[in-house]
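upload-v9.cif (mmCIF, C-alpha atoms) appears below.
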```cif
data_protein
#
loop_
_atom_site.group_PDB
_atom_site.id
_atom_site.type_symbol
_atom_site.label_atom_id
_atom_site.label_comp_id
_atom_site.auth_asym_id
_atom_site.auth_seq_id
_atom_site.Cartn_x
_atom_site.Cartn_y
_atom_site.Cartn_z
ATOM 1 C CA MET A 26 93.882 -18.496 122.694
ATOM 2 C CA THR A 27 92.168 -15.226 121.841
ATOM 3 C CA LEU A 28 89.229 -13.838 123.778
ATOM 4 C CA LYS A 29 87.020 -14.343 120.720
ATOM 5 C CA ALA A 30 88.013 -18.027 120.515
ATOM 6 C CA MET A 31 87.298 -18.427 124.245
ATOM 7 C CA LEU A 32 83.812 -16.963 123.879
ATOM 8 C CA TRP A 33 82.688 -18.063 120.409
ATOM 9 C CA GLY A 34 83.192 -21.360 118.669
ATOM 10 C CA PRO A 35 81.879 -23.385 115.731
ATOM 11 C CA ARG A 36 78.630 -24.367 117.504
ATOM 12 C CA SER A 37 78.067 -21.184 119.530
ATOM 13 C CA ARG A 38 75.439 -19.871 117.121
ATOM 14 C CA ILE A 39 73.126 -22.867 117.536
ATOM 15 C CA GLY A 40 73.643 -22.902 121.308
ATOM 16 C CA ALA A 41 72.905 -19.181 121.524
ATOM 17 C CA LEU A 42 69.765 -19.514 119.377
ATOM 18 C CA ILE A 43 68.500 -22.386 121.525
ATOM 19 C CA ALA A 44 69.255 -20.466 124.747
ATOM 20 C CA LEU A 45 67.478 -17.341 123.478
ATOM 21 C CA SER A 46 64.500 -19.390 122.265
ATOM 22 C CA VAL A 47 64.126 -21.191 125.591
ATOM 23 C CA PHE A 48 64.502 -17.941 127.513
ATOM 24 C CA GLY A 49 61.940 -16.164 125.304
ATOM 25 C CA LEU A 50 59.420 -19.011 125.424
ATOM 26 C CA ASP A 51 59.804 -19.318 129.202
ATOM 27 C CA ARG A 52 59.348 -15.556 129.749
ATOM 28 C CA LEU A 53 56.348 -15.439 127.400
ATOM 29 C CA HIS A 54 54.670 -18.378 129.109
ATOM 30 C CA LYS A 55 55.271 -16.941 132.582
ATOM 31 C CA TRP A 56 53.937 -13.559 131.479
ATOM 32 C CA LEU A 57 50.785 -15.188 130.051
ATOM 33 C CA MET A 58 50.193 -17.332 133.129
ATOM 34 C CA LEU A 59 50.808 -14.578 135.684
ATOM 35 C CA GLY A 60 49.233 -11.785 133.623
ATOM 36 C CA PRO A 61 46.304 -12.366 131.269
ATOM 37 C CA PHE A 62 45.508 -15.909 132.465
ATOM 38 C CA GLU A 63 45.776 -14.910 136.156
ATOM 39 C CA ILE A 64 46.758 -18.386 137.271
ATOM 40 C CA GLY A 65 47.099 -17.143 140.842
ATOM 41 C CA LEU A 66 43.343 -16.455 140.935
ATOM 42 C CA ASN A 67 42.291 -19.435 138.796
ATOM 43 C CA SER A 68 44.530 -22.169 140.215
ATOM 44 C CA PRO A 69 44.200 -25.099 139.908
ATOM 45 C CA VAL A 70 42.987 -25.526 136.339
ATOM 46 C CA GLU A 71 42.309 -29.160 135.493
ATOM 47 C CA VAL A 72 43.507 -29.746 131.944
ATOM 48 C CA THR A 73 43.217 -33.551 132.058
ATOM 49 C CA PRO A 74 42.496 -36.007 134.885
ATOM 50 C CA PHE A 75 46.273 -36.307 135.410
ATOM 51 C CA PHE A 76 47.517 -32.767 134.589
ATOM 52 C CA ASN A 77 46.713 -29.401 136.176
ATOM 53 C CA LEU A 78 47.922 -25.861 135.716
ATOM 54 C CA VAL A 79 48.727 -24.372 139.119
ATOM 55 C CA LEU A 80 50.873 -21.622 140.588
ATOM 56 C CA VAL A 81 53.657 -22.615 142.944
ATOM 57 C CA TRP A 82 56.407 -20.212 143.961
ATOM 58 C CA ASN A 83 59.645 -22.171 144.326
ATOM 59 C CA ARG A 84 62.042 -20.337 146.633
ATOM 60 C CA GLY A 85 64.685 -23.061 146.409
ATOM 61 C CA VAL A 86 66.277 -25.113 143.671
ATOM 62 C CA SER A 87 64.965 -28.374 142.210
ATOM 63 C CA TYR A 88 62.191 -29.919 144.286
ATOM 64 C CA GLY A 89 62.293 -26.842 146.545
ATOM 65 C CA LEU A 90 65.627 -27.851 148.072
ATOM 66 C CA PHE A 91 67.717 -25.142 149.766
ATOM 67 C CA GLU A 92 64.718 -22.838 150.075
ATOM 68 C CA GLN A 93 65.769 -19.196 150.455
ATOM 69 C CA ASP A 94 63.538 -16.534 151.997
ATOM 70 C CA THR A 95 66.118 -13.774 152.365
ATOM 71 C CA ALA A 96 67.462 -11.359 149.778
ATOM 72 C CA ALA A 97 70.976 -12.665 150.426
ATOM 73 C CA GLY A 98 69.878 -16.270 149.870
ATOM 74 C CA ARG A 99 68.116 -15.378 146.624
ATOM 75 C CA SER A 100 71.205 -13.449 145.494
ATOM 76 C CA VAL A 101 73.340 -16.537 146.094
ATOM 77 C CA LEU A 102 70.984 -18.681 143.976
ATOM 78 C CA ILE A 103 70.974 -16.050 141.212
ATOM 79 C CA GLY A 104 74.771 -15.868 141.384
ATOM 80 C CA ILE A 105 75.083 -19.649 141.094
ATOM 81 C CA SER A 106 72.823 -19.579 138.020
ATOM 82 C CA VAL A 107 74.872 -16.833 136.390
ATOM 83 C CA VAL A 108 78.200 -18.552 137.134
ATOM 84 C CA ALA A 109 76.805 -21.838 135.783
ATOM 85 C CA ALA A 110 75.581 -20.092 132.612
ATOM 86 C CA ILE A 111 79.005 -18.497 132.076
ATOM 87 C CA ALA A 112 80.795 -21.822 132.594
ATOM 88 C CA LEU A 113 78.385 -23.518 130.196
ATOM 89 C CA TRP A 114 78.938 -20.751 127.629
ATOM 90 C CA LEU A 115 82.704 -21.354 127.788
ATOM 91 C CA TRP A 116 82.044 -25.063 127.213
ATOM 92 C CA LEU A 117 79.736 -24.195 124.324
ATOM 93 C CA ALA A 118 82.497 -22.131 122.683
ATOM 94 C CA ARG A 119 84.762 -25.199 122.707
ATOM 95 C CA THR A 120 82.373 -27.887 121.523
ATOM 96 C CA ARG A 121 82.199 -29.067 117.945
ATOM 97 C CA ASP A 122 79.291 -31.429 118.598
ATOM 98 C CA ARG A 123 75.792 -30.280 117.610
ATOM 99 C CA LEU A 124 74.013 -32.331 120.298
ATOM 100 C CA VAL A 125 76.254 -30.913 123.014
ATOM 101 C CA ALA A 126 75.667 -27.364 121.721
ATOM 102 C CA VAL A 127 71.887 -27.830 121.734
ATOM 103 C CA ALA A 128 71.976 -29.388 125.212
ATOM 104 C CA ILE A 129 74.111 -26.578 126.610
ATOM 105 C CA GLY A 130 71.827 -23.989 124.987
ATOM 106 C CA LEU A 131 68.795 -25.611 126.626
ATOM 107 C CA ILE A 132 70.438 -25.493 130.048
ATOM 108 C CA ILE A 133 71.656 -21.899 129.683
ATOM 109 C CA GLY A 134 68.237 -20.652 128.531
ATOM 110 C CA GLY A 135 66.462 -22.432 131.374
ATOM 111 C CA ALA A 136 68.944 -21.317 134.023
ATOM 112 C CA ILE A 137 68.727 -17.677 132.968
ATOM 113 C CA GLY A 138 64.919 -17.866 132.746
ATOM 114 C CA ASN A 139 64.658 -19.082 136.326
ATOM 115 C CA ALA A 140 67.311 -16.604 137.519
ATOM 116 C CA VAL A 141 65.246 -13.745 136.068
ATOM 117 C CA ASP A 142 62.225 -15.026 138.033
ATOM 118 C CA ARG A 143 64.265 -14.953 141.237
ATOM 119 C CA GLN A 144 65.351 -11.402 140.479
ATOM 120 C CA ILE A 145 61.856 -10.134 139.607
ATOM 121 C CA TYR A 146 59.652 -12.133 141.989
ATOM 122 C CA GLY A 147 62.034 -13.468 144.630
ATOM 123 C CA ALA A 148 61.084 -17.023 143.598
ATOM 124 C CA VAL A 149 60.599 -19.159 140.497
ATOM 125 C CA ALA A 150 57.063 -19.458 139.118
ATOM 126 C CA ASP A 151 56.133 -23.089 138.396
ATOM 127 C CA PHE A 152 52.895 -24.174 136.693
ATOM 128 C CA PHE A 153 52.807 -27.740 135.396
ATOM 129 C CA HIS A 154 51.574 -30.442 137.763
ATOM 130 C CA PHE A 155 51.231 -34.098 136.757
ATOM 131 C CA HIS A 156 49.465 -36.511 139.100
ATOM 132 C CA ALA A 157 47.783 -39.907 138.920
ATOM 133 C CA PHE A 158 46.690 -42.764 141.196
ATOM 134 C CA GLY A 159 47.680 -40.892 144.354
ATOM 135 C CA TRP A 160 51.102 -40.048 142.936
ATOM 136 C CA SER A 161 52.080 -36.416 142.442
ATOM 137 C CA TRP A 162 55.085 -35.109 140.493
ATOM 138 C CA TYR A 163 56.718 -31.851 141.501
ATOM 139 C CA VAL A 164 55.473 -28.668 139.861
ATOM 140 C CA PHE A 165 57.714 -27.290 137.122
ATOM 141 C CA ASN A 166 57.938 -24.757 134.276
ATOM 142 C CA ILE A 167 59.298 -24.494 130.725
ATOM 143 C CA ALA A 168 62.771 -23.504 131.949
ATOM 144 C CA ASP A 169 62.892 -26.651 134.099
ATOM 145 C CA VAL A 170 61.888 -28.810 131.123
ATOM 146 C CA ALA A 171 64.689 -27.265 129.063
ATOM 147 C CA ILE A 172 67.260 -27.832 131.815
ATOM 148 C CA VAL A 173 66.252 -31.485 132.220
ATOM 149 C CA ALA A 174 66.257 -32.031 128.436
ATOM 150 C CA GLY A 175 69.697 -30.420 128.218
ATOM 151 C CA VAL A 176 71.116 -32.584 130.981
ATOM 152 C CA ALA A 177 69.586 -35.656 129.304
ATOM 153 C CA GLY A 178 71.271 -34.640 126.041
ATOM 154 C CA LEU A 179 74.643 -34.289 127.758
ATOM 155 C CA LEU A 180 74.214 -37.672 129.465
ATOM 156 C CA TYR A 181 73.241 -39.280 126.163
ATOM 157 C CA ASP A 182 76.292 -37.773 124.502
ATOM 158 C CA SER A 183 78.525 -38.905 127.339
ATOM 159 C CA VAL A 184 77.287 -42.496 127.197
ATOM 160 C CA PHE A 185 76.799 -43.019 123.456
ATOM 161 C CA ASN A 186 79.081 -40.544 121.694
ATOM 162 C CA SER A 187 82.107 -40.065 123.954
ATOM 163 C CA HIS A 188 83.866 -43.097 122.401
ATOM 164 C CA LYS A 189 83.860 -41.285 119.044
ATOM 165 C CA ARG A 190 85.984 -38.496 120.505
ATOM 166 C CA ALA A 191 88.231 -40.632 122.715
ATOM 167 C CA PRO A 192 91.887 -40.927 121.634
ATOM 168 C CA LYS A 193 92.680 -44.182 119.883
ATOM 169 C CA ASP A 194 95.291 -46.485 121.478
ATOM 170 C CA GLY A 195 98.221 -47.523 119.344
#
```

Mind turning this structure into structure tokens?
Amino acid sequence: MTLKAMLWGPRSRIGALIALSVFGLDRLHKWLMLGPFEIGLNSPVEVTPFFNLVLVWNRGVSYGLFEQDTAAGRSVLIGISVVAAIALWLWLARTRDRLVAVAIGLIIGGAIGNAVDRQIYGAVADFFHFHAFGWSWYVFNIADVAIVAGVAGLLYDSVFNSHKRAPKDG
């Protein structure tokens, strides 16, 4: 297998475009919220009775797990994101399935978007907060939405499409 075949496959273009789009949208939104909108000074902003814009700095991973306050800890989380993105890119180069390519692109774009936050700010900036009837969902950002949507796409493919690619008996 050539290096080109390892790194670029039939669905790499769509995965790359999705990853770049997610990354760009995430960076633009974070720039707007932290810059011109000054969410840090205006937080919380009630958009609806069940949705606010806020600023929460997440120093860990999902739900704030494995919170890291040291430079070494942040470097480990950035490294994990980069290794995951590389592994996902190698998977992307091998897939022939459009849904899988889109899902992988969503995850890569979100992972890199959050890794850039960790590098620049030392934490991930989260803004979206849903709440209702005393219940409060964790605060998240566009990169997180893309990662969750990508994982959902991979799960969907695994459950509903994997039989189409399975070897036939007989």

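Taking atom CA of A:Met58 as the reference point, atom CA of A:Gly134 is found at 18.9 Å.
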
Residue IDs satisfying the PyMOL selection byres ((chain A and resi 167-184) around 6), as an mmCIF file with C-alpha atoms, in the coordinates of the input:
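Produced file expr-v6.cif, reproduced below:
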```cif
data_model
loop_
_atom_site.group_PDB
_atom_site.id
_atom_site.type_symbol
_atom_site.label_atom_id
_atom_site.label_comp_id
_atom_site.auth_asym_id
_atom_site.auth_seq_id
_atom_site.Cartn_x
_atom_site.Cartn_y
_atom_site.Cartn_z
ATOM 1 C CA ASP A 51 59.804 -19.318 129.202
ATOM 2 C CA ALA A 128 71.976 -29.388 125.212
ATOM 3 C CA LEU A 131 68.795 -25.611 126.626
ATOM 4 C CA ILE A 132 70.438 -25.493 130.048
ATOM 5 C CA GLY A 135 66.462 -22.432 131.374
ATOM 6 C CA ASN A 166 57.938 -24.757 134.276
ATOM 7 C CA PHE A 185 76.799 -43.019 123.456
ATOM 8 C CA ASN A 186 79.081 -40.544 121.694
ATOM 9 C CA SER A 187 82.107 -40.065 123.954
#
```

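Here the question is which of A:Ile133, A:Ala140, A:Phe152, A:Met26 gets nearest to A:Ala112 using only C-alpha atoms, and that residue is A:Ile133.
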
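Between atom CA of A:Asn83 and atom CA of A:Pro69 there is a distance of 16.3 Å.
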
Using only C-alpha atoms, which residues sit within 12 Å of A:Ser37 once same-chain residues fewer than 5 positions away are excluded, as a tab-separated table (two decimals) with C-alpha atoms, keeping the file's coordinate frame?
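Written file, part-v7.tsv:
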```tsv
chain	number	residue	atom	x	y	z
A	29	LYS	CA	87.02	-14.34	120.72
A	30	ALA	CA	88.01	-18.03	120.52
A	31	MET	CA	87.30	-18.43	124.24
A	32	LEU	CA	83.81	-16.96	123.88
A	42	LEU	CA	69.76	-19.51	119.38
A	43	ILE	CA	68.50	-22.39	121.52
A	44	ALA	CA	69.26	-20.47	124.75
A	45	LEU	CA	67.48	-17.34	123.48
A	113	LEU	CA	78.39	-23.52	130.20
A	114	TRP	CA	78.94	-20.75	127.63
A	115	LEU	CA	82.70	-21.35	127.79
A	116	TRP	CA	82.04	-25.06	127.21
A	117	LEU	CA	79.74	-24.20	124.32
A	118	ALA	CA	82.50	-22.13	122.68
A	119	ARG	CA	84.76	-25.20	122.71
A	120	THR	CA	82.37	-27.89	121.52
A	121	ARG	CA	82.20	-29.07	117.94
A	122	ASP	CA	79.29	-31.43	118.60
A	123	ARG	CA	75.79	-30.28	117.61
A	124	LEU	CA	74.01	-32.33	120.30
A	125	VAL	CA	76.25	-30.91	123.01
A	126	ALA	CA	75.67	-27.36	121.72
A	127	VAL	CA	71.89	-27.83	121.73
A	128	ALA	CA	71.98	-29.39	125.21
A	129	ILE	CA	74.11	-26.58	126.61
A	130	GLY	CA	71.83	-23.99	124.99
```

(request) May I have the residues within 12 Å of A:Ser100 as JSON, numbers by chain, using only C-alpha atoms and disregarding those fewer than 2 positions away in the same chain? (result) {"A": [84, 85, 93, 94, 95, 96, 97, 98, 102, 103, 104, 105, 106, 107, 140, 141, 142, 143, 144, 145, 147, 148]}

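Reported to one decimal place, the separation of atom CA of A:Leu80 from atom CA of A:Ser161 is 15.0 Å.
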
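Closest approach to A:Asn77 among A:Arg99, A:Arg52, A:Arg36, A:His154 is made by A:His154 (distances from all atoms listed in the file).
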
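Distances from A:Phe165, A:Gly138, A:Pro74, A:Tyr146 to A:Leu50 were compared using only C-alpha atoms, and the smallest one belongs to A:Gly138.
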
Using the chain letters and numbers from this file, what does the PyMOL selection byres ((chain A and resi 75) around 12) select? Give the answer as a PDB file with C-alpha atoms, in the coordinates of the input.
```
ATOM      1  CA  VAL A  70      42.987 -25.526 136.339  1.00  0.00           C
ATOM      2  CA  GLU A  71      42.309 -29.160 135.493  1.00  0.00           C
ATOM      3  CA  VAL A  72      43.507 -29.746 131.944  1.00  0.00           C
ATOM      4  CA  THR A  73      43.217 -33.551 132.058  1.00  0.00           C
ATOM      5  CA  PRO A  74      42.496 -36.007 134.885  1.00  0.00           C
ATOM      6  CA  PHE A  76      47.517 -32.767 134.589  1.00  0.00           C
ATOM      7  CA  ASN A  77      46.713 -29.401 136.176  1.00  0.00           C
ATOM      8  CA  LEU A  78      47.922 -25.861 135.716  1.00  0.00           C
ATOM      9  CA  PHE A 153      52.807 -27.740 135.396  1.00  0.00           C
ATOM     10  CA  HIS A 154      51.574 -30.442 137.763  1.00  0.00           C
ATOM     11  CA  PHE A 155      51.231 -34.098 136.757  1.00  0.00           C
ATOM     12  CA  HIS A 156      49.465 -36.511 139.100  1.00  0.00           C
ATOM     13  CA  ALA A 157      47.783 -39.907 138.920  1.00  0.00           C
ATOM     14  CA  PHE A 158      46.690 -42.764 141.196  1.00  0.00           C
ATOM     15  CA  GLY A 159      47.680 -40.892 144.354  1.00  0.00           C
ATOM     16  CA  TRP A 160      51.102 -40.048 142.936  1.00  0.00           C
ATOM     17  CA  SER A 161      52.080 -36.416 142.442  1.00  0.00           C
ATOM     18  CA  TRP A 162      55.085 -35.109 140.493  1.00  0.00           C
TER      19      TRP A 162
END
```

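For the residues A:Leu66, A:Val149, A:Ala110, A:Val164, ranking by smallest atom-to-atom distance to A:Ile137 using only C-alpha atoms places A:Ala110 first.
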